[in-house]
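Down below is the structure, laid out as structure tokens.
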Amino acid sequence: MFRPNASSGVPIYLQLMEQVKHAIETGALRVGDQLPGIRPLAEELVINPNTVAKAYRELEHDGVIELRHGAGAFVTGAAREKKLTDRLRAGQAIVAAAMDKLRARGVTEAEIRRLFEAELTRLTAKGDPRG
Amino acid sequence: MIWQHAFLETRWRFLIGLVLLPVSAAFVALSYPQVTALSQSVTPAPDTALGREIAEAMELSKTYGGYVWSQWFQQNGAQLAGLFAAIIGTGGLLSQTAAARLFTLSLPVSRERLLAARAAAGLGQMLALTVVPALVIVLVSPLVGRSFPLLDALAYALCAFVGSAVFFSVAFFFSSMFGSVWAPIVLTLCTGAALGALDRITGAGRFSLIQMVHGESYFRGHGLPWPMLAVSLAVSAALLYSGTRLVARQDF
Amino acid sequence: MADAFVIETTNLRKTYDGIEALRGLTLSVPAGSICGFLGRTGAGKTTTVKILLGMARPTAGRATVFGLPVDSPAASVDIRRRTGFVGDDKGLYDAMTVRGMIRHTASFYPQWSRELEEKYLRRFELGAERGIKTLSRGMRTKLALLLALCRGADLLVLDEPTTGLDPAATEDVLQALVGHAAERGTTVFFSSHQLADVEQIADHVTIIDRGRVAVTGGLDDLRQNYRRIQLVFDGDAPSYTFQTRGVERVKRSGRVMTVLSSAGIDGVLGEARQLNPVSTDSAPVTLKDIFLDTVAVED
């Protein structure tokens with residue numbers, strides 16, 4: 001289910017977070033489902049266990065999963081999930097609108113990607129923890 | 001443990017010696033009948049050096065004890081023991097392959113203990129290589145209708161062991177200075193040759209290491225050469241200690 | 001383990017026959033981390049490892065493992081008892097069998113676990129009765145790894161553990177390292193030329209160059225802080241010295257200027273815009289980029 005790419009330049013924990021969120025969106029993971037344990041997952045994916053731990057912590061911070069002490073990590077209840085999905089849907093609408101505007105000006109896809117990257121870079125540099 | 005580790009390093013050299021020396025000693029004992037038969041038909045010319053040596057050997061061979069002493073303890077046995085002492089004493093950390101050295105150095109054992117184990121294993125092996133052939137002679141003598149006293153055999157074996165311990169220590173010392181396996185062997189044999197030459201020049205007697213190795217004093221009825229044995233052990237200990245100190249301070 | 005750092009060196013120096021192998025190396029390896037140790041051949045990696053394990057003594061400076069000084073012979077024995085080392089040459093005795101080598105090694109470590117021994121023999125598919133000289137390179141590495149893992153070590157030090165291995169064997173080795181570290185909190189310190197492997201399992205990285213530390217830090221931090229900025233100009237790229245701290249390297253090629261910065265990207269971009277580039281591009285940087293750009297190029 002999860003397949004982070006170590007050499008892509010994007011931190012593995014971020015990739016893992018994205019993949020978990022994607023799994024929830026597509027229904028591969030449902031509310032109440034338990035995520036693999038940190039150690040077994042690290043061993044299966046052959047990545048650092050601290051990386052998995054960090055991804056899980058950030059996911060908990062984002063309200064996507066909850067870590068029950070001693071029991072494991074579980075996908076959280078409908079309300080939080082719905083908030084997340086709503087947020088993403090709203091975001092998707094904003095991005096779609098921006099892309100239409102840019103394409104109307106003749107900005108190519110590659111240029112659009114670079115513009116978003118550059119902007120994300122500035123945000124990261126400013127210390128935004130959401131990267 | 002470290003004993004197994006140390007023994008593993010020299011096991012082939014030791015095992016070859018453990019076959020070669022006892023078999024050679026048995027051969028010496030078992031050849032006595034032929035030698036006596038031969039000497040009855042030979043009259044050596046007394047006025048050449050070789051003639052004198054042959055005459056002396058024939059004189060000694062008139063008794064079985066004299067024959068065994070001169071052929072084994074004075075000559076073949078002593079030479080072989082000295083050779084194997086040099087062969088077993090060489091080696092060690094400096095001349096090992098990087099792989100073997102890495103394993104050894106990463107063990108949770110101090111350098112001193114590693115070298116002490118190597119020295120102890122080597123000395124133990126030399127003890128076997130000097131005592132076993134002597135015992136074989138005792139056991140085999142009846143087969144040619146003779147007997148060799150156990151006490152004499154052990155006395156000679158002791159002298160041989162202490163003497164070979166010195167050569168082992170010399171090789172051990174040189175092996176802590178040189179990275180080659182051969183240099184210590186060559187240097188040790190040269191040391192032996194030098195000591196032999198020194199003997200002939202100074203006509204040593206009681207202070208001769210070489211004669212001590214042969215057990216000459218005992219053969220001549222003067223008992224064991226305790227002072228020389230003690231000095232030899234002290235010299236060996238000093239050489240082993242120095243060798244150990246050198247390796248302990250070495251950077252690898 | 002009470003100490004935050006398993007390995008700490010302060011200004012470590014080592015001179016061999018007039019050649020300075022280490023020129024003031026200062027590094028720290030956090031407990032429980034998997035730390036990749038990178039550097040060009042001859043940069044000082046092997047020398048560092050040898051000093052940490054007591055095989056060579058430092059010329060100057062300090063180094064401790066588990067808080068114990070590496071240059072004290074008695075302490076060094078303790079360090080080695082708690083450390084599993086897998087060197088480049090694997091250090092195996094060709095004449096022995098797999099089981100023989102294991103038993104021989106086990107005799108030196110009171111904490112040896114027979115349970116782990118059986119587990120790894122099965123997992124690595126190592127036939128216990130096989131002669132070591134019949135083993136392939138990958139199998140030799142796995143055996144050496146088994147010998148290091150079964151002794152209950154708190155620290156694993158490995159020199160090029162996956163070099164020369166096929167992808168399947170590499171994955172087996174990395175997986176064993178990660179699994180073991182996860183389960184026991186063992187710290188792993190490994191030097192490697194396989195940057196992809198380091199990127200996959202390390203959470204901490206130190207790059208050594210010509211006897212000194214060039215880069216060190218958490219891998220995720222490095223990946224977030226290092227940026228490559230590409231500026232394209234109308235004419236030739238101008239010659240410019242950036243004031244912002246954190247600029248590691250600036251390359252000019254025709255109309256393109258490439259800047260590698262390890263921090264302060266805001267300042268760099270600000271200065272860059274003042275040069276009036278036609279376009280500004282920023283991209284994340286891989287470990288390979290960081291390595292190639294911070295390590296000296298031979299002149």
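Residue numbering restarts at 1 in every chain; chains get A, B, ... in the order shown in the structure tokens, and ligands count up from 1 in that same order.
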
* To do: Pick out the residues sitting within 12 Å of Gly87 of chain C, and hand them over as a PyMOL selection string; count only C-alpha atoms, and ignore anything fewer than 4 positions along from it in its own chain.
  => (chain B and resi 98-106) or (chain C and resi 45-46+49-50+53+91-92+140-141+144-145+147-148+156-163+189-192)

Taking a cut-off of 7 Å and counting only C-alpha atoms, can you build a table that, for each residue of chain C near chain B, reports the nearest atom pair and how far apart they are in Å (one decimal), sorted by chain then residue number, as a Markdown table?
```
| residue | atom | partner | partner_atom | distance |
| --- | --- | --- | --- | --- |
| C:Leu53 | CA | B:Ser106 | CA | 6.8 |
| C:Met55 | CA | B:Phe252 | CA | 5.6 |
| C:Ala56 | CA | B:Asp251 | CA | 4.3 |
| C:Arg57 | CA | B:Asp251 | CA | 6.4 |
| C:Pro73 | CA | B:Ser110 | CA | 6.8 |
| C:Val77 | CA | B:Pro108 | CA | 4.7 |
| C:Asp78 | CA | B:Pro108 | CA | 6.7 |
| C:Arg80 | CA | B:Pro108 | CA | 4.9 |
| C:Arg81 | CA | B:Pro108 | CA | 4.8 |
| C:Phe85 | CA | B:Ser106 | CA | 7.0 |
| C:Asp89 | CA | B:Ala99 | CA | 5.1 |
| C:Lys90 | CA | B:Ala99 | CA | 6.3 |
| C:Gly91 | CA | B:Ala99 | CA | 4.0 |
| C:Leu92 | CA | B:Ala100 | CA | 6.8 |
| C:His104 | CA | B:Met1 | CA | 6.8 |
| C:Ser107 | CA | B:Met1 | CA | 5.3 |
| C:Phe108 | CA | B:Met1 | CA | 5.9 |
```

What does the file look like for those residues with N, CA and C atoms, as a PDB file, in the first residue's frame?
```
ATOM      1  N   LEU C  53      37.267   2.388  17.245  1.00  0.00           N
ATOM      2  CA  LEU C  53      37.316   1.010  17.734  1.00  0.00           C
ATOM      3  C   LEU C  53      38.637   0.658  18.401  1.00  0.00           C
ATOM      4  N   MET C  55      41.679   0.687  17.171  1.00  0.00           N
ATOM      5  CA  MET C  55      42.717   0.056  16.341  1.00  0.00           C
ATOM      6  C   MET C  55      43.855   1.025  16.052  1.00  0.00           C
ATOM      7  N   ALA C  56      43.577   2.309  16.182  1.00  0.00           N
ATOM      8  CA  ALA C  56      44.613   3.321  15.998  1.00  0.00           C
ATOM      9  C   ALA C  56      44.383   4.394  17.049  1.00  0.00           C
ATOM     10  N   ARG C  57      45.445   5.108  17.415  1.00  0.00           N
ATOM     11  CA  ARG C  57      45.271   6.142  18.435  1.00  0.00           C
ATOM     12  C   ARG C  57      45.287   7.530  17.814  1.00  0.00           C
ATOM     13  N   PRO C  73      43.046   1.871  26.685  1.00  0.00           N
ATOM     14  CA  PRO C  73      42.921   0.472  26.271  1.00  0.00           C
ATOM     15  C   PRO C  73      41.835  -0.305  27.022  1.00  0.00           C
ATOM     16  N   VAL C  77      38.236  -1.874  25.357  1.00  0.00           N
ATOM     17  CA  VAL C  77      37.735  -3.248  25.413  1.00  0.00           C
ATOM     18  C   VAL C  77      36.236  -3.236  25.706  1.00  0.00           C
ATOM     19  N   ASP C  78      35.823  -2.379  26.640  1.00  0.00           N
ATOM     20  CA  ASP C  78      34.397  -2.251  26.950  1.00  0.00           C
ATOM     21  C   ASP C  78      33.608  -1.776  25.745  1.00  0.00           C
ATOM     22  N   ARG C  80      34.324  -2.196  22.617  1.00  0.00           N
ATOM     23  CA  ARG C  80      34.223  -3.253  21.625  1.00  0.00           C
ATOM     24  C   ARG C  80      33.267  -4.354  22.051  1.00  0.00           C
ATOM     25  N   ARG C  81      33.112  -4.517  23.359  1.00  0.00           N
ATOM     26  CA  ARG C  81      32.166  -5.544  23.827  1.00  0.00           C
ATOM     27  C   ARG C  81      30.739  -5.139  23.483  1.00  0.00           C
ATOM     28  N   PHE C  85      30.950  -4.749  14.768  1.00  0.00           N
ATOM     29  CA  PHE C  85      31.656  -4.120  13.662  1.00  0.00           C
ATOM     30  C   PHE C  85      31.627  -5.011  12.432  1.00  0.00           C
ATOM     31  N   ASP C  89      36.292  -5.952   4.602  1.00  0.00           N
ATOM     32  CA  ASP C  89      36.725  -7.277   4.187  1.00  0.00           C
ATOM     33  C   ASP C  89      35.992  -8.400   4.886  1.00  0.00           C
ATOM     34  N   LYS C  90      35.037  -8.013   5.713  1.00  0.00           N
ATOM     35  CA  LYS C  90      34.193  -8.965   6.435  1.00  0.00           C
ATOM     36  C   LYS C  90      34.920  -9.747   7.517  1.00  0.00           C
ATOM     37  N   GLY C  91      36.213  -9.949   7.423  1.00  0.00           N
ATOM     38  CA  GLY C  91      36.944 -10.602   8.511  1.00  0.00           C
ATOM     39  C   GLY C  91      36.475 -12.001   8.826  1.00  0.00           C
ATOM     40  N   LEU C  92      36.245 -12.810   7.808  1.00  0.00           N
ATOM     41  CA  LEU C  92      35.785 -14.175   8.069  1.00  0.00           C
ATOM     42  C   LEU C  92      36.904 -15.170   7.801  1.00  0.00           C
ATOM     43  N   HIS C 104      32.693 -19.653  17.281  1.00  0.00           N
ATOM     44  CA  HIS C 104      33.958 -19.045  17.660  1.00  0.00           C
ATOM     45  C   HIS C 104      33.734 -17.603  18.080  1.00  0.00           C
ATOM     46  N   SER C 107      31.853 -17.080  21.447  1.00  0.00           N
ATOM     47  CA  SER C 107      32.590 -17.341  22.681  1.00  0.00           C
ATOM     48  C   SER C 107      33.178 -16.070  23.289  1.00  0.00           C
ATOM     49  N   PHE C 108      33.264 -15.008  22.535  1.00  0.00           N
ATOM     50  CA  PHE C 108      33.841 -13.773  23.058  1.00  0.00           C
ATOM     51  C   PHE C 108      32.801 -12.834  23.659  1.00  0.00           C
TER      52      PHE C 108
END
```

Return as a tab-separated table the residues of chain A lying at most 12 Å from chain C, together with the closest atom-to-atom pair for each and the distance in Å to one decimal, counting only C-alpha atoms, with rows in chain order and ascending residue number.
```
residue	atom	partner	partner_atom	distance
A:Arg3	CA	C:Gln200	CA	11.6
A:Pro4	CA	C:Gln200	CA	9.2
A:Asn5	CA	C:Gln200	CA	8.0
A:Ala6	CA	C:Gln200	CA	5.0
A:Ser7	CA	C:Ala196	CA	6.3
A:Ser8	CA	C:Thr286	CA	6.9
A:Gly9	CA	C:Thr286	CA	4.6
A:Val10	CA	C:Pro284	CA	7.1
A:Pro11	CA	C:Asp220	CA	5.7
A:Ile12	CA	C:Asp220	CA	8.0
A:Tyr13	CA	C:Asp220	CA	8.4
A:Leu14	CA	C:Asp220	CA	9.7
A:Gln15	CA	C:Asp220	CA	11.9
A:Gly37	CA	C:Ala182	CA	11.0
A:Ile38	CA	C:Ala182	CA	8.5
A:Arg39	CA	C:Ala182	CA	5.6
A:Pro40	CA	C:Gly179	CA	7.7
A:Leu41	CA	C:Gly179	CA	9.5
A:Ala42	CA	C:Val178	CA	7.0
A:Glu43	CA	C:Gly179	CA	5.0
A:Glu44	CA	C:Gln175	CA	7.4
A:Leu45	CA	C:Gln175	CA	8.1
A:Val46	CA	C:Gln175	CA	5.0
A:Ile47	CA	C:Ile201	CA	4.5
A:Asn48	CA	C:Ile201	CA	4.7
A:Pro49	CA	C:Ala182	CA	5.9
A:Asn50	CA	C:Asp203	CA	7.3
A:Thr51	CA	C:Asp203	CA	7.2
A:Val52	CA	C:Ala182	CA	10.6
A:Ala53	CA	C:Ala182	CA	10.8
A:Lys54	CA	C:Asp220	CA	10.4
A:Ala55	CA	C:Asp220	CA	11.6
A:Ala110	CA	C:Asp281	CA	11.4
A:Glu111	CA	C:Asp281	CA	9.6
A:Ile112	CA	C:Asp281	CA	11.3
A:Arg113	CA	C:Asp281	CA	10.2
A:Arg114	CA	C:Asp281	CA	6.4
A:Leu115	CA	C:Asp281	CA	7.8
A:Phe116	CA	C:Ser282	CA	9.8
A:Glu117	CA	C:Ser282	CA	6.7
A:Ala118	CA	C:Ser282	CA	5.2
A:Glu119	CA	C:Ser282	CA	8.8
A:Leu120	CA	C:Ser282	CA	9.3
A:Thr121	CA	C:Ser282	CA	7.0
A:Arg122	CA	C:Asp266	CA	6.4
A:Leu123	CA	C:Asp266	CA	9.2
A:Thr124	CA	C:Gln224	CA	7.8
A:Ala125	CA	C:Ile265	CA	6.0
A:Lys126	CA	C:Asp266	CA	7.3
A:Gly127	CA	C:Asn225	CA	10.3
A:Asp128	CA	C:Gln224	CA	11.4
A:Pro129	CA	C:Gln224	CA	10.8
A:Arg130	CA	C:Gln224	CA	11.7
A:Gly131	CA	C:Gln224	CA	8.6
```

Exercise for review: Just the strand (DSSP E) stuff from segment 14-226 of chain C, please, per backbone DSSP, written as a PyMOL selection string.
Suggested key: chain C and resi 14-16+19-30+34-39+60-65+68-69+83-86+155-159+187-191+204-209+212-218

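Atom to atom, atom CA of Leu189 of chain B and atom CA of Gln79 of chain B stand 10.1 Å apart.
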
At what distance in Å, to one decimal, does atom CA of Leu135 of chain B lie from atom CA of Ala29 of chain B?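 Computing it gives 11.5 Å between the two atoms.
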
Compile the contact shell of segment 152-159 of chain B as JSON, numbers by chain: residues with an atom at most 6 Å away, counting only C-alpha atoms, same-chain residues fewer than 2 positions apart removed. {"B": [130, 131, 134, 149, 150, 161, 162, 213, 215]}

Kindly save the residues from that selection, with N, CA, C and O atoms included, as a tab-separated table (two decimals), in the first residue's frame.
```
chain	number	residue	atom	x	y	z
B	130	THR	N	58.65	-31.02	21.67
B	130	THR	CA	59.90	-31.51	22.24
B	130	THR	C	59.66	-32.75	23.11
B	130	THR	O	60.49	-33.67	23.13
B	131	VAL	N	58.56	-32.80	23.81
B	131	VAL	CA	58.30	-33.93	24.70
B	131	VAL	C	57.84	-35.18	23.95
B	131	VAL	O	58.30	-36.29	24.21
B	134	ALA	N	60.52	-37.33	22.34
B	134	ALA	CA	61.32	-38.01	23.37
B	134	ALA	C	60.57	-39.23	23.90
B	134	ALA	O	61.15	-40.31	24.07
B	149	PRO	N	65.96	-44.74	29.07
B	149	PRO	CA	65.30	-44.37	30.32
B	149	PRO	C	64.37	-43.17	30.17
B	149	PRO	O	64.74	-42.17	29.54
B	150	LEU	N	63.17	-43.28	30.75
B	150	LEU	CA	62.17	-42.21	30.66
B	150	LEU	C	62.72	-40.92	31.25
B	150	LEU	O	62.54	-39.83	30.70
B	161	PHE	N	63.07	-28.04	25.20
B	161	PHE	CA	61.93	-27.13	25.26
B	161	PHE	C	62.38	-25.72	25.62
B	161	PHE	O	62.00	-24.74	24.98
B	162	VAL	N	63.22	-25.62	26.67
B	162	VAL	CA	63.65	-24.28	27.09
B	162	VAL	C	64.44	-23.61	25.98
B	162	VAL	O	64.27	-22.43	25.70
B	213	VAL	N	70.67	-26.55	24.88
B	213	VAL	CA	69.59	-27.13	24.09
B	213	VAL	C	69.82	-28.63	23.88
B	213	VAL	O	68.91	-29.43	23.96
B	215	GLY	N	71.29	-30.58	25.80
B	215	GLY	CA	71.30	-31.37	27.03
B	215	GLY	C	72.67	-31.98	27.24
B	215	GLY	O	72.81	-33.05	27.84
```

| Hey, can you check how far atom CA of Ile65 of chain A sits from atom CA of Asp33 of chain A? |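 Atom-to-atom, atom CA of Ile65 of chain A to atom CA of Asp33 of chain A, that is 9.6 Å.
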
Notebook entry, point to check: Could you pull the residues within 8 Å of segment 242-247 of chain C, counting only C-alpha atoms, minus those fewer than 3 positions along the same chain, as a list in words?
Noted result: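 Residues meeting the cut-off are Val250, Val259, Leu260, Ser261, Ser262, Ala263, Gly264, Gly267, Val268 and Glu271 of chain C.
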
Write the residues of the selection above to a file with N, CA, C and O atoms, as a short mmCIF file (atom, residue, chain, number, x, y, z; two decimals), in the first residue's frame.
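And here is the file that came out, selection30.cif:
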```
data_model
loop_
_atom_site.label_atom_id
_atom_site.label_comp_id
_atom_site.auth_asym_id
_atom_site.auth_seq_id
_atom_site.Cartn_x
_atom_site.Cartn_y
_atom_site.Cartn_z
N VAL C 250 28.18 28.48 -5.72
CA VAL C 250 27.58 29.22 -6.82
C VAL C 250 28.28 28.81 -8.10
O VAL C 250 29.50 28.84 -8.17
N VAL C 259 22.69 28.30 -7.56
CA VAL C 259 23.12 28.53 -6.19
C VAL C 259 22.64 27.38 -5.31
O VAL C 259 21.47 27.01 -5.33
N LEU C 260 23.58 26.84 -4.54
CA LEU C 260 23.19 25.81 -3.56
C LEU C 260 23.26 26.46 -2.19
O LEU C 260 24.31 26.95 -1.79
N SER C 261 22.14 26.50 -1.49
CA SER C 261 22.18 27.10 -0.17
C SER C 261 21.66 26.12 0.87
O SER C 261 20.75 25.33 0.61
N SER C 262 22.27 26.16 2.05
CA SER C 262 21.89 25.24 3.11
C SER C 262 20.97 25.90 4.13
O SER C 262 20.51 25.25 5.05
N ALA C 263 20.73 27.17 3.99
CA ALA C 263 19.84 27.87 4.93
C ALA C 263 19.59 29.27 4.39
O ALA C 263 20.23 29.68 3.42
N GLY C 264 18.69 29.97 5.03
CA GLY C 264 18.48 31.37 4.66
C GLY C 264 18.02 31.56 3.22
O GLY C 264 18.43 32.51 2.55
N GLY C 267 16.69 35.06 2.25
CA GLY C 267 17.69 36.09 1.96
C GLY C 267 18.31 35.88 0.59
O GLY C 267 18.54 36.82 -0.16
N VAL C 268 18.58 34.63 0.28
CA VAL C 268 19.22 34.34 -1.01
C VAL C 268 18.30 34.75 -2.15
O VAL C 268 18.72 35.39 -3.11
N GLU C 271 18.27 38.56 -2.47
CA GLU C 271 19.45 39.06 -3.18
C GLU C 271 19.38 38.69 -4.64
O GLU C 271 19.75 39.49 -5.52
#
```

task: Please identify which residues in segment 35-92 of chain B DSSP calls alpha helix (DSSP H) from the backbone, and express them as number ranges by chain.
output: B: 35-40, 49-60, 64-68, 77-89

Just to be explicit: take each residue in the selection above, keep N, CA and C atoms, and write the result as a JSON list (two decimals), in the first residue's frame.
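Writing done, so here's part.json:
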```json
[["chain", "number", "residue", "atom", "x", "y", "z"],
["B", 35, "VAL", "N", 72.93, -48.95, 11.88],
["B", 35, "VAL", "CA", 74.10, -48.13, 12.18],
["B", 35, "VAL", "C", 75.20, -48.96, 12.81],
["B", 36, "THR", "N", 74.83, -49.81, 13.76],
["B", 36, "THR", "CA", 75.87, -50.64, 14.38],
["B", 36, "THR", "C", 76.50, -51.55, 13.34],
["B", 37, "ALA", "N", 75.68, -52.12, 12.48],
["B", 37, "ALA", "CA", 76.21, -53.01, 11.43],
["B", 37, "ALA", "C", 77.18, -52.25, 10.55],
["B", 38, "LEU", "N", 76.77, -51.02, 10.20],
["B", 38, "LEU", "CA", 77.59, -50.20, 9.30],
["B", 38, "LEU", "C", 78.93, -49.85, 9.94],
["B", 39, "SER", "N", 78.89, -49.43, 11.21],
["B", 39, "SER", "CA", 80.12, -48.94, 11.83],
["B", 39, "SER", "C", 81.15, -50.06, 12.00],
["B", 40, "GLN", "N", 80.69, -51.29, 11.99],
["B", 40, "GLN", "CA", 81.67, -52.37, 12.12],
["B", 40, "GLN", "C", 82.52, -52.53, 10.87],
["B", 49, "ALA", "N", 89.23, -33.68, 9.17],
["B", 49, "ALA", "CA", 88.18, -33.16, 10.07],
["B", 49, "ALA", "C", 86.95, -34.06, 10.00],
["B", 50, "LEU", "N", 86.59, -34.40, 8.79],
["B", 50, "LEU", "CA", 85.42, -35.26, 8.62],
["B", 50, "LEU", "C", 85.66, -36.61, 9.29],
["B", 51, "GLY", "N", 86.90, -37.11, 9.07],
["B", 51, "GLY", "CA", 87.26, -38.39, 9.67],
["B", 51, "GLY", "C", 87.12, -38.35, 11.19],
["B", 52, "ARG", "N", 87.56, -37.22, 11.77],
["B", 52, "ARG", "CA", 87.47, -37.11, 13.23],
["B", 52, "ARG", "C", 86.02, -37.09, 13.68],
["B", 53, "GLU", "N", 85.17, -36.37, 12.91],
["B", 53, "GLU", "CA", 83.75, -36.30, 13.29],
["B", 53, "GLU", "C", 83.12, -37.67, 13.21],
["B", 54, "ILE", "N", 83.44, -38.38, 12.16],
["B", 54, "ILE", "CA", 82.86, -39.72, 12.01],
["B", 54, "ILE", "C", 83.35, -40.62, 13.15],
["B", 55, "ALA", "N", 84.62, -40.49, 13.48],
["B", 55, "ALA", "CA", 85.17, -41.30, 14.58],
["B", 55, "ALA", "C", 84.44, -41.01, 15.87],
["B", 56, "GLU", "N", 84.21, -39.70, 16.10],
["B", 56, "GLU", "CA", 83.50, -39.33, 17.33],
["B", 56, "GLU", "C", 82.09, -39.90, 17.34],
["B", 57, "ALA", "N", 81.41, -39.78, 16.19],
["B", 57, "ALA", "CA", 80.05, -40.32, 16.10],
["B", 57, "ALA", "C", 80.05, -41.83, 16.34],
["B", 58, "MET", "N", 81.03, -42.49, 15.78],
["B", 58, "MET", "CA", 81.07, -43.95, 15.97],
["B", 58, "MET", "C", 81.33, -44.29, 17.43],
["B", 59, "GLU", "N", 82.17, -43.48, 18.07],
["B", 59, "GLU", "CA", 82.45, -43.69, 19.49],
["B", 59, "GLU", "C", 81.17, -43.59, 20.31],
["B", 60, "LEU", "N", 80.42, -42.50, 20.00],
["B", 60, "LEU", "CA", 79.16, -42.28, 20.73],
["B", 60, "LEU", "C", 78.18, -43.40, 20.46],
["B", 64, "TYR", "N", 73.76, -47.35, 23.01],
["B", 64, "TYR", "CA", 72.48, -46.91, 22.45],
["B", 64, "TYR", "C", 72.16, -45.51, 22.94],
["B", 65, "GLY", "N", 72.41, -45.28, 24.25],
["B", 65, "GLY", "CA", 72.12, -43.95, 24.82],
["B", 65, "GLY", "C", 72.91, -42.88, 24.10],
["B", 66, "GLY", "N", 74.20, -43.16, 23.87],
["B", 66, "GLY", "CA", 75.05, -42.19, 23.20],
["B", 66, "GLY", "C", 74.57, -41.94, 21.79],
["B", 67, "TYR", "N", 74.16, -43.01, 21.12],
["B", 67, "TYR", "CA", 73.67, -42.89, 19.75],
["B", 67, "TYR", "C", 72.43, -42.01, 19.70],
["B", 68, "VAL", "N", 71.46, -42.34, 20.54],
["B", 68, "VAL", "CA", 70.20, -41.56, 20.53],
["B", 68, "VAL", "C", 70.49, -40.11, 20.87],
["B", 77, "GLY", "N", 66.88, -33.64, 16.25],
["B", 77, "GLY", "CA", 65.78, -33.16, 17.09],
["B", 77, "GLY", "C", 65.94, -31.69, 17.41],
["B", 78, "ALA", "N", 67.16, -31.29, 17.78],
["B", 78, "ALA", "CA", 67.42, -29.90, 18.14],
["B", 78, "ALA", "C", 67.19, -28.99, 16.95],
["B", 79, "GLN", "N", 67.68, -29.42, 15.79],
["B", 79, "GLN", "CA", 67.54, -28.57, 14.60],
["B", 79, "GLN", "C", 66.08, -28.41, 14.20],
["B", 80, "LEU", "N", 65.37, -29.55, 14.22],
["B", 80, "LEU", "CA", 63.96, -29.46, 13.85],
["B", 80, "LEU", "C", 63.18, -28.60, 14.85],
["B", 81, "ALA", "N", 63.48, -28.78, 16.13],
["B", 81, "ALA", "CA", 62.77, -28.00, 17.14],
["B", 81, "ALA", "C", 63.04, -26.51, 16.94],
["B", 82, "GLY", "N", 64.30, -26.19, 16.66],
["B", 82, "GLY", "CA", 64.65, -24.79, 16.44],
["B", 82, "GLY", "C", 63.92, -24.23, 15.23],
["B", 83, "LEU", "N", 63.87, -25.02, 14.17],
["B", 83, "LEU", "CA", 63.20, -24.59, 12.95],
["B", 83, "LEU", "C", 61.72, -24.33, 13.20],
["B", 84, "PHE", "N", 61.10, -25.29, 13.85],
["B", 84, "PHE", "CA", 59.66, -25.12, 14.10],
["B", 84, "PHE", "C", 59.38, -24.00, 15.10],
["B", 85, "ALA", "N", 60.31, -23.78, 16.00],
["B", 85, "ALA", "CA", 60.12, -22.66, 16.93],
["B", 85, "ALA", "C", 60.05, -21.35, 16.14],
["B", 86, "ALA", "N", 60.93, -21.23, 15.14],
["B", 86, "ALA", "CA", 60.92, -20.02, 14.33],
["B", 86, "ALA", "C", 59.64, -19.94, 13.50],
["B", 87, "ILE", "N", 59.23, -21.07, 12.93],
["B", 87, "ILE", "CA", 58.04, -21.08, 12.08],
["B", 87, "ILE", "C", 56.78, -20.78, 12.87],
["B", 88, "ILE", "N", 56.69, -21.33, 14.07],
["B", 88, "ILE", "CA", 55.49, -21.10, 14.87],
["B", 88, "ILE", "C", 55.51, -19.72, 15.51],
["B", 89, "GLY", "N", 56.72, -19.21, 15.77],
["B", 89, "GLY", "CA", 56.80, -17.90, 16.42],
["B", 89, "GLY", "C", 56.48, -16.73, 15.51]]
```

Requested in this report: Might you pull out every residue within 10 Å of Glu216 of chain B, with only C-alpha atoms counted and same-chain residues fewer than 2 positions away left off, and present them as a ChimeraX atom specification?
Outcome: /B:69-70,73-74,156,159,205-206,208,210-214,218-225

Min atom-atom distance to Gly32 of chain A from the set A:Ala73, A:Met17, A:Val107, A:Met1, counting only C-alpha atoms, belongs to A:Ala73

At a cut-off of 12 Å, using only C-alpha atoms, what residues contact Ile19 of chain C? Leave out same-chain residues fewer than 4 positions from it and give the result as a PyMOL selection string.
chain C and resi 13-15+23+42-44+47+59+210-211
